[in-house]
file start-v2.txt (compact mmCIF, C-alpha atoms)
# COMPACT_ATOMS: atom_id res chain seq x y z
CA MET O 2 -222.38 -15.13 -40.39
CA PHE O 3 -221.56 -11.72 -38.86
CA GLY O 4 -225.12 -10.85 -37.88
CA HIS O 5 -224.45 -11.29 -34.17
CA LEU O 6 -221.80 -8.55 -34.31
CA PHE O 7 -224.38 -5.94 -35.24
CA ASP O 8 -227.11 -6.93 -32.77
CA ASN O 9 -225.74 -4.80 -29.93
CA THR O 10 -224.71 -2.01 -32.27
CA GLN O 11 -228.29 -1.21 -33.15
CA SER O 12 -229.36 -0.77 -29.55
CA LYS O 13 -226.27 1.32 -28.74
CA SER O 14 -226.78 3.53 -31.75
CA ASN O 15 -230.38 4.17 -30.68
CA LYS O 16 -229.06 5.58 -27.39
CA LEU O 17 -226.70 7.93 -29.25
CA LYS O 18 -229.27 9.33 -31.67
CA ARG O 19 -229.98 13.01 -31.16
CA LYS O 20 -233.45 14.25 -30.46
CA LEU O 21 -235.43 15.54 -33.36
CA SER O 22 -236.26 19.17 -32.79
CA THR O 23 -239.96 19.79 -32.58
CA VAL O 24 -241.98 22.96 -32.58
CA SER O 25 -242.25 22.88 -28.80
CA ASP O 26 -238.46 22.48 -28.44
CA SER O 27 -237.74 25.45 -30.66
CA GLU O 28 -240.34 27.56 -28.87
CA SER O 29 -238.92 26.71 -25.46
CA GLU O 30 -235.39 27.58 -26.48
CA SER O 31 -234.42 30.86 -24.92
CA ASP O 32 -233.41 33.91 -26.95
CA SER O 33 -229.96 33.99 -25.34
CA VAL O 34 -229.24 30.43 -26.48
CA LYS O 35 -230.37 31.32 -30.00
CA THR O 36 -228.13 34.37 -30.14
CA THR O 37 -225.17 32.37 -28.75
CA LYS O 38 -225.59 29.75 -31.47
CA GLN O 39 -225.90 32.47 -34.09
CA GLN O 40 -222.72 34.13 -32.80
CA LYS O 41 -220.87 30.80 -32.99
CA ARG O 42 -221.98 30.28 -36.58
CA THR O 43 -220.98 33.83 -37.47
CA LYS O 44 -217.57 33.37 -35.84
CA ASN O 45 -216.93 30.14 -37.77
CA LEU O 46 -218.07 31.79 -40.98
CA GLN O 47 -215.80 34.80 -40.41
CA ALA O 48 -212.82 32.52 -39.70
CA THR O 49 -213.53 30.62 -42.90
CA VAL O 50 -213.89 33.78 -44.98
CA SER O 51 -210.73 35.36 -43.56
CA GLY O 52 -208.60 32.64 -45.13
CA SER O 53 -207.40 30.95 -41.97
CA VAL O 54 -209.31 27.79 -42.73
CA SER O 55 -206.26 25.60 -42.27
CA ASN O 56 -205.65 26.97 -38.74
CA VAL O 57 -209.25 26.81 -37.54
CA ILE O 58 -211.08 23.56 -37.09
CA ALA O 59 -214.73 24.47 -37.14
CA GLU O 60 -216.87 22.62 -34.71
CA ALA O 61 -219.53 20.51 -36.30
CA GLU O 62 -223.03 21.76 -35.77
CA VAL O 63 -224.15 18.82 -33.65
CA HIS O 64 -227.27 19.25 -31.61
CA MET O 65 -226.72 17.58 -28.27
CA ASP O 66 -228.75 17.46 -25.14
CA SER O 67 -227.54 19.75 -22.42
CA SER O 68 -227.51 16.71 -20.13
CA ILE O 69 -224.56 15.18 -22.00
CA SER O 70 -221.42 15.11 -19.92
CA PRO O 71 -218.39 17.25 -20.80
CA ASP O 72 -216.39 14.08 -21.45
CA VAL O 73 -218.81 13.07 -24.20
CA ARG O 74 -218.59 16.58 -25.65
CA VAL O 75 -214.79 16.39 -25.66
CA LEU O 76 -214.99 12.95 -27.24
CA SER O 77 -217.35 14.33 -29.89
CA GLN O 78 -214.92 17.17 -30.63
CA MET O 79 -212.05 14.70 -30.87
CA ILE O 80 -214.05 12.58 -33.32
CA SER O 81 -214.87 15.68 -35.33
CA THR O 82 -211.17 16.65 -35.41
CA LEU O 83 -210.23 13.12 -36.41
CA SER O 84 -212.80 13.22 -39.20
CA HIS O 85 -211.40 16.54 -40.43
CA ASP O 86 -207.83 15.20 -40.33
CA MET O 87 -208.85 12.06 -42.19
CA ARG O 88 -210.54 14.17 -44.89
CA ASN O 89 -207.34 16.19 -45.26
CA MET O 90 -205.24 13.03 -45.43
CA PHE O 91 -207.59 11.58 -48.04
CA GLY O 92 -207.22 14.71 -50.16
CA ASP O 93 -203.44 14.66 -49.82
CA MET O 94 -203.28 10.94 -50.60
CA ASN O 95 -205.58 11.38 -53.58
CA THR O 96 -203.35 14.16 -54.92
CA ARG O 97 -200.24 12.06 -54.39
CA ILE O 98 -201.77 9.03 -56.14
CA ASN O 99 -202.77 11.23 -59.09
CA ASP O 100 -199.21 12.58 -59.29
CA LEU O 101 -197.78 9.07 -59.12
CA GLU O 102 -200.13 7.88 -61.87
CA ARG O 103 -199.14 10.81 -64.09
CA ASN O 104 -195.44 10.19 -63.46
CA LEU O 105 -195.89 6.47 -64.03
CA GLU O 106 -197.62 7.11 -67.37
CA ARG O 107 -194.78 9.45 -68.36
CA LYS O 108 -192.11 6.90 -67.36
CA ILE O 109 -193.88 4.09 -69.22
CA THR O 110 -194.17 6.28 -72.33
CA VAL O 111 -190.46 7.13 -72.19
CA LYS O 112 -189.49 3.46 -71.76
CA VAL O 113 -191.75 2.31 -74.60
CA ASN O 114 -190.29 5.03 -76.86
CA GLN O 115 -186.75 3.93 -75.97
CA ILE O 116 -187.52 0.29 -76.70
CA ILE O 117 -189.20 1.15 -80.00
CA ASP O 118 -186.29 3.38 -81.03
CA LYS O 119 -183.79 0.67 -80.14
CA ARG O 120 -185.64 -1.98 -82.15
CA VAL O 121 -186.21 0.33 -85.13
CA ASN O 122 -182.52 1.26 -85.16
CA LEU O 123 -181.55 -2.41 -84.95
CA GLU O 124 -183.81 -3.28 -87.89
CA ILE O 125 -182.47 -0.32 -89.90
CA LYS O 126 -178.91 -1.56 -89.28
CA LYS O 127 -179.88 -5.04 -90.47
CA VAL O 128 -181.51 -3.66 -93.63
CA ARG O 129 -178.50 -1.41 -94.32
CA SER O 130 -176.10 -4.30 -93.96
CA GLU O 131 -178.22 -6.41 -96.33
CA VAL O 132 -178.41 -3.53 -98.83
CA ASN O 133 -174.64 -2.99 -98.57
CA ALA O 134 -174.05 -6.71 -99.17
CA VAL O 135 -176.26 -6.62 -102.29
CA VAL O 136 -174.55 -3.44 -103.55
CA ASP O 137 -171.10 -4.98 -102.97
CA SER O 138 -172.06 -8.13 -104.86
CA LEU O 139 -173.43 -5.99 -107.73
CA ARG O 140 -170.16 -4.01 -107.83
CA LEU O 141 -168.18 -7.21 -108.01
CA ASP O 142 -170.40 -8.50 -110.83
CA ILE O 143 -170.08 -5.22 -112.71
CA ASP O 144 -166.29 -5.21 -112.21
CA GLU O 145 -166.08 -8.77 -113.52
CA ASP O 146 -168.28 -7.87 -116.49
CA LEU O 147 -166.10 -4.81 -117.22
CA GLN O 148 -162.94 -6.92 -117.09
CA VAL O 149 -164.51 -9.38 -119.50
CA VAL O 150 -165.52 -6.55 -121.86
CA GLU O 151 -162.05 -4.97 -121.64
CA LYS O 152 -160.41 -8.29 -122.42
CA LYS O 153 -162.68 -8.77 -125.42
CA LEU O 154 -161.87 -5.25 -126.59
CA GLU O 155 -158.16 -5.98 -126.34
CA ASP O 156 -158.58 -9.18 -128.28
CA PHE O 157 -160.69 -7.46 -130.91
CA PRO O 158 -158.61 -6.78 -133.96
CA THR O 159 -158.13 -3.18 -134.79
CA LYS O 160 -157.68 -2.05 -138.38

call {"tool": "encode", "arguments": {"input": "start-v2.txt", "output": "structure tokens"}}
result
Amino acid sequence: MFGHLFDNTQSKSNKLKRKLSTVSDSESESDSVKTTKQQKRTKNLQATVSGSVSNVIAEAEVHMDSSISPDVRVLSQMISTLSHDMRNMFGDMNTRINDLERNLERKITVKVNQIIDKRVNLEIKKVRSEVNAVVDSLRLDIDEDLQVVEKKLEDFPTK
């Protein structure tokens, strides 16, 4: 269904693929270029170690042909920066979602505890009222029985 959308993508991506470095490429590379690359890597490493990682956006080690235009290089740097920013946003969003989940669990637990307490207290009140009703009826029965016994004692002849 969507196969036609990817037909042109394959040919375009082939144009953008970087060259694989071969032995002859590495041999032809001048010493000054090698030392410049090494200095760049050292600079990025020092910036990372010094603790200013959040202020420094390290350039990705992308091997590009020297024939690539400056506009493409700028575009590549912009994409690299965008990728870095998206990674940071993902980390922040992930942290926020975890916090929300923890808070949600806590809120649900509190609400469930409140509902359980309310229902338990309601049932306890019902049981107490039933017990009080039974106790009151027993008191009345005992009072009636005592009155009957007292009346019989009064009627009982004394010698």

call {"tool": "atom_distance", "arguments": {"input": "start-v2.txt", "atom1": "CA of Ser130 (chain O)", "atom2": "CA of Asn114 (chain O)"}}
result
24.1 Å

call {"tool": "axis_aligned_box", "arguments": {"input": "start-v2.txt", "around": "region 148-152 of chain O", "padding_each_side": "3 Å", "output": "lines of an AutoDock Vina configuration file"}}
result
center_x = -163.0
center_y = -7.2
center_z = -119.8
size_x = 11.1
size_y = 10.4
size_z = 11.3

call {"tool": "atom_distance", "arguments": {"input": "start-v2.txt", "atom1": "CA of Arg103 (chain O)", "atom2": "CA of Asp86 (chain O)"}}
result
25.7 Å

call {"tool": "atom_distance", "arguments": {"input": "start-v2.txt", "atom1": "CA of Thr96 (chain O)", "atom2": "CA of Leu83 (chain O)"}}
result
19.8 Å
